[in-house]
Amino acid sequence: MKKIILILTLILSFNTFSQVFKPVKWATSVEKLSETEYNLVAKATIDFGWHLYSQVVPEGGPIPTDFTFETNENYALIGGVVEDEGHTVDDPVFMMKIKFFENSATFQQRIKVVDATLSSVIGEVEFMVCDDTKCLPPTYVDLEFNLQNAILKKAIVVKKGNATTVSSDKAEEIKNPNKESDNKGLLSIFFIAFISGFAALLTPCVFPMIPMTVSFFTKQSKTKAKGIKNAIIYGLSIIVIYVLLGVLVSLLFGADALNALSTNVWFNVIFFVLLLVFAASFLGAFEIMLPNSWANKVDSQADRGGLVGIFFMALALAIVSFSCTGPIVGTLLVEAAAGGSQIGPIIGMLGFSLAIALPFALFAAFPGWLNSLPKSGGWLNTVKVVLGFLELALAFKFLSNADLVLQLHWLEREVFIAIWIAIFGTLTLYLFGKIQLPHDSPLKHISVGRLGLGLFSLTFTLYMLPGLWGAPLNIISAFPPPQHYSESPYGVGYMKLGSGGASNIDVPDGAHLMAPHNILAFNDFDKGLAYAKKVGKPVMIDFTGHACVNCRKMEQNVWVKPKILQMLKKDVVLISLYVDDKRPLKESEIVDSKLRPGKKLKYIGQKWSEMQTIKYKTNTQPFYVLINHKEEDLNTPVGYTPDAEEYYNWMKEGVENFK
């Protein structure tokens, strides 16, 4: 009886791991909104327990859902793909907020048809799904939207008093998404912009203008009430000018372009260069100024008086102070745009301009407060230099984004943290008066405020130092690359645990040492198998992914156990095949896909994903296989196995069978 139970268990186990999962099924439909506008609807039905990820996820996180549509002159896309609300959670492995969908998700793309004879639109969706124990590689599904079967979308009639408004329910959905996560993001943008506006107030271009402008309004006005009124109008004009700038950015980019900023390599590289220019300007290398002719023309209009004159006075302030406010405004617009929200730049400029405008209205209402303002002096340039260092630090975040997308590993976590330590360490020396920059006044003594800021910068620099040895640095976790994108993913201190081998390992061609444990690993199956034959060891194939959550859990919690680590280093040849590797295949390696007739394998990850699906009849990660030199299984492959003892016994069984 026990033998029968054992056989049944083995059969069930094999069937469990020899299964190609397809937990997401896609269906398409078309809604007709007007004679020329249609709504392409792609609905994903998700099996219980599985998660489909959002179109926008942070760098270093899972693979986002991505839609592409065939280029066709007969229609044009309107905006980007709109998705459901979903769920946003703090992922403990990636240490970031990640949005996903469960059960079902609907994605909608609006188009405008140019040729009435157009019968269908062809698209493709790339997506990734995971459950609590495994992830699937990036999957590609063709989508066809039949316009001839479009369903006429009923209009919604909204009565407001005696007025009647007719609009489609889809249009209403796009205008009012009511997403809690988006609201939180916009609130953060507003708060950061508001603080940045106050920082801009303390620059040499803006701060001296406060008493001058307020005095002008109070002295030129016949009554105090008139002066306060003019100052308030002046403040409102400042808000209007900057908000219009935010509106312009939103209109120029559009929702779909803004959605792509966070992962687009070229946008991130351009932003990196742009912020470097802003930082150099603040540090005194040069000044970014608008043409003087602009200021002269605007200033002449300010003499007209009345509301128009006050508005042009506000515009003159924006132009004259551009050398100080321009880099801050540019950075805010970049950050808000990269968030993917079309309204983000508008909210950012509202927060920034509100902080700029408030002092003018308040000091006009209470002129006595002007006496409490500190006098202008060298401290204003110090504020400008501090902002320059902050711009410089932020610039490397965008360069890191590009590096993560391309998986170049040029700016890994340790390098990024080292750069930030250098930047804030230099800022500390500057604040303590050990370094002077152009336009700095002679420093006879350090003020209490400057000393406090210097101590804060020193503390922050010291806080980051352990990050070079694997500390998580939770305070700044949103800025550096994730811990797995690192020379030492688990911390250098871990190297003392279960060393199990010599540190001076001879690394053969095509292999590398996985930090921090110096596990010899291959990322190419053929090279790894050839080396295994040469050294007479079995092969352990590790089907994994850069964005596989449970793969990282296994590496961080199971592989580090001394007995397992010793076997990985001494008893097997590890071949890690990344199924989500987006690097293109060499021209000679591009072949027809066996799973998708008519399609070509374009990426390295697709090659390994097809290999796993065809050979092992499964497509989940992590997935571990022990084989001999004839590519025969040494025991039953396993997936996610958080029990270290169970995983060790599995490895031990396979190695003994090989011997």
# chains A, B, ... in the order shown; residues from 1 in each chain; ligands from 1
call {"tool": "residues_around", "arguments": {"residues": "A:Leu585", "least_positions_apart": "5", "cutoff": "10 Å", "atoms": "only C-alpha atoms", "output": "ChimeraX atom specification"}}
result
/A:590-591,601-607
call {"tool": "select_by_dssp", "arguments": {"residues": "stretch 358-556 of chain A", "states": "helix (DSSP H, G or I)", "output": "number ranges by chain"}}
result
A: 358-365, 367-372, 378-406, 413-431, 448-469, 474-476, 492-496, 525-535, 549-556
call {"tool": "closest_residue", "arguments": {"among": "A:Leu332, A:Ala644, A:Leu462, A:Leu315", "to": "A:Val560", "atoms": "only C-alpha atoms"}}
result
A:Ala644
call {"tool": "residues_around", "arguments": {"residues": "A:Gly348", "least_positions_apart": "5", "cutoff": "8 Å", "atoms": "only C-alpha atoms", "output": "PyMOL selection string"}}
result
chain A and resi 189-190+192-194+246+332-333+336
call {"tool": "closest_residue", "arguments": {"among": "A:Gln109, A:Thr331, A:Asn72, A:Asn557", "to": "A:Ser196", "atoms": "only C-alpha atoms"}}
result
A:Thr331
call {"tool": "select_by_dssp", "arguments": {"residues": "stretch 316-539 of chain A", "states": "strand (DSSP E)", "output": "mmCIF file with C-alpha atoms, in the first residue's frame"}}
result
data_model
loop_
_atom_site.group_PDB
_atom_site.id
_atom_site.type_symbol
_atom_site.label_atom_id
_atom_site.label_comp_id
_atom_site.auth_asym_id
_atom_site.auth_seq_id
_atom_site.Cartn_x
_atom_site.Cartn_y
_atom_site.Cartn_z
ATOM 1 C CA ALA A 511 30.916 31.980 -16.641
ATOM 2 C CA HIS A 512 30.827 34.494 -13.803
ATOM 3 C CA LEU A 513 30.923 34.463 -10.012
ATOM 4 C CA MET A 514 27.600 35.214 -8.343
ATOM 5 C CA ILE A 519 29.073 30.613 -6.916
ATOM 6 C CA LEU A 520 30.344 29.772 -10.388
ATOM 7 C CA ALA A 521 27.413 30.250 -12.780
ATOM 8 C CA PHE A 522 26.742 30.220 -16.516
ATOM 9 C CA VAL A 539 24.262 20.345 -14.168
#
call {"tool": "residues_around", "arguments": {"residues": "A:Val535", "least_positions_apart": "5", "cutoff": "12 Å", "atoms": "only C-alpha atoms", "output": "VMD selection string"}}
result
chain A and resid 508 528 to 530 570 to 573 629
call {"tool": "residues_around", "arguments": {"residues": "A:Thr106", "least_positions_apart": "3", "cutoff": "7 Å", "atoms": "only C-alpha atoms", "output": "list of chain:residue names"}}
result
A:Val41, A:Ala42, A:Lys43, A:Ala44, A:Glu83, A:Asp84
call {"tool": "atom_distance", "arguments": {"atom1": "atom CA of A:Phe416", "atom2": "atom CA of A:Pro480"}}
result
6.2 Å
call {"tool": "residues_around", "arguments": {"residues": "A:Thr544", "least_positions_apart": "4", "cutoff": "9 Å", "atoms": "only C-alpha atoms", "output": "list in words"}}
result
Cys135, Pro137, Cys548, Cys551, Ser576, Leu577, Tyr578, Val579, Asp580, Thr620, Gln621, Pro622, Phe623 and Tyr624 of chain A
call {"tool": "residues_around", "arguments": {"residues": "A:Met651", "least_positions_apart": "6", "cutoff": "9 Å", "atoms": "only C-alpha atoms", "output": "list in words"}}
result
Met540, Ile564, Met567, Leu626 and Asn635 of chain A
call {"tool": "closest_residue", "arguments": {"among": "A:Gly197, A:Pro204, A:Pro442, A:Gly326", "to": "A:Leu350", "atoms": "only C-alpha atoms"}}
result
A:Gly197
call {"tool": "decode", "arguments": {"residues": "stretch 396-412 of chain A", "atoms": "N, CA and C atoms", "output": "short mmCIF file (atom, residue, chain, number, x, y, z; two decimals), in the first residue's frame"}}
result
data_model
loop_
_atom_site.label_atom_id
_atom_site.label_comp_id
_atom_site.auth_asym_id
_atom_site.auth_seq_id
_atom_site.Cartn_x
_atom_site.Cartn_y
_atom_site.Cartn_z
N PHE A 396 21.47 61.21 -11.14
CA PHE A 396 21.92 59.81 -11.26
C PHE A 396 20.77 58.82 -11.08
N LYS A 397 19.65 59.26 -10.51
CA LYS A 397 18.49 58.39 -10.45
C LYS A 397 17.98 58.08 -11.85
N PHE A 398 17.98 59.09 -12.73
CA PHE A 398 17.50 58.87 -14.10
C PHE A 398 18.50 58.04 -14.90
N LEU A 399 19.79 58.23 -14.67
CA LEU A 399 20.77 57.39 -15.35
C LEU A 399 20.63 55.94 -14.88
N SER A 400 20.33 55.77 -13.60
CA SER A 400 20.11 54.42 -13.05
C SER A 400 18.90 53.77 -13.70
N ASN A 401 17.83 54.55 -13.95
CA ASN A 401 16.65 54.00 -14.61
C ASN A 401 17.01 53.42 -15.98
N ALA A 402 17.79 54.17 -16.75
CA ALA A 402 18.18 53.70 -18.08
C ALA A 402 19.04 52.44 -17.98
N ASP A 403 19.95 52.41 -17.02
CA ASP A 403 20.82 51.25 -16.84
C ASP A 403 20.02 50.00 -16.45
N LEU A 404 19.00 50.19 -15.62
CA LEU A 404 18.16 49.06 -15.21
C LEU A 404 17.37 48.50 -16.39
N VAL A 405 16.82 49.39 -17.20
CA VAL A 405 16.02 48.94 -18.34
C VAL A 405 16.87 48.14 -19.32
N LEU A 406 18.11 48.62 -19.57
CA LEU A 406 18.99 47.94 -20.52
C LEU A 406 19.76 46.80 -19.89
N GLN A 407 19.69 46.67 -18.55
CA GLN A 407 20.43 45.63 -17.82
C GLN A 407 21.92 45.66 -18.16
N LEU A 408 22.49 46.88 -18.20
CA LEU A 408 23.90 47.03 -18.53
C LEU A 408 24.80 46.75 -17.33
N HIS A 409 24.28 46.92 -16.13
CA HIS A 409 25.04 46.72 -14.89
C HIS A 409 26.24 47.66 -14.80
N TRP A 410 26.12 48.84 -15.40
CA TRP A 410 27.17 49.85 -15.27
C TRP A 410 27.00 50.63 -13.96
N LEU A 411 25.75 50.83 -13.58
CA LEU A 411 25.47 51.64 -12.38
C LEU A 411 24.73 50.76 -11.37
N GLU A 412 25.42 49.75 -10.88
CA GLU A 412 24.82 48.86 -9.90
C GLU A 412 24.69 49.57 -8.55
#
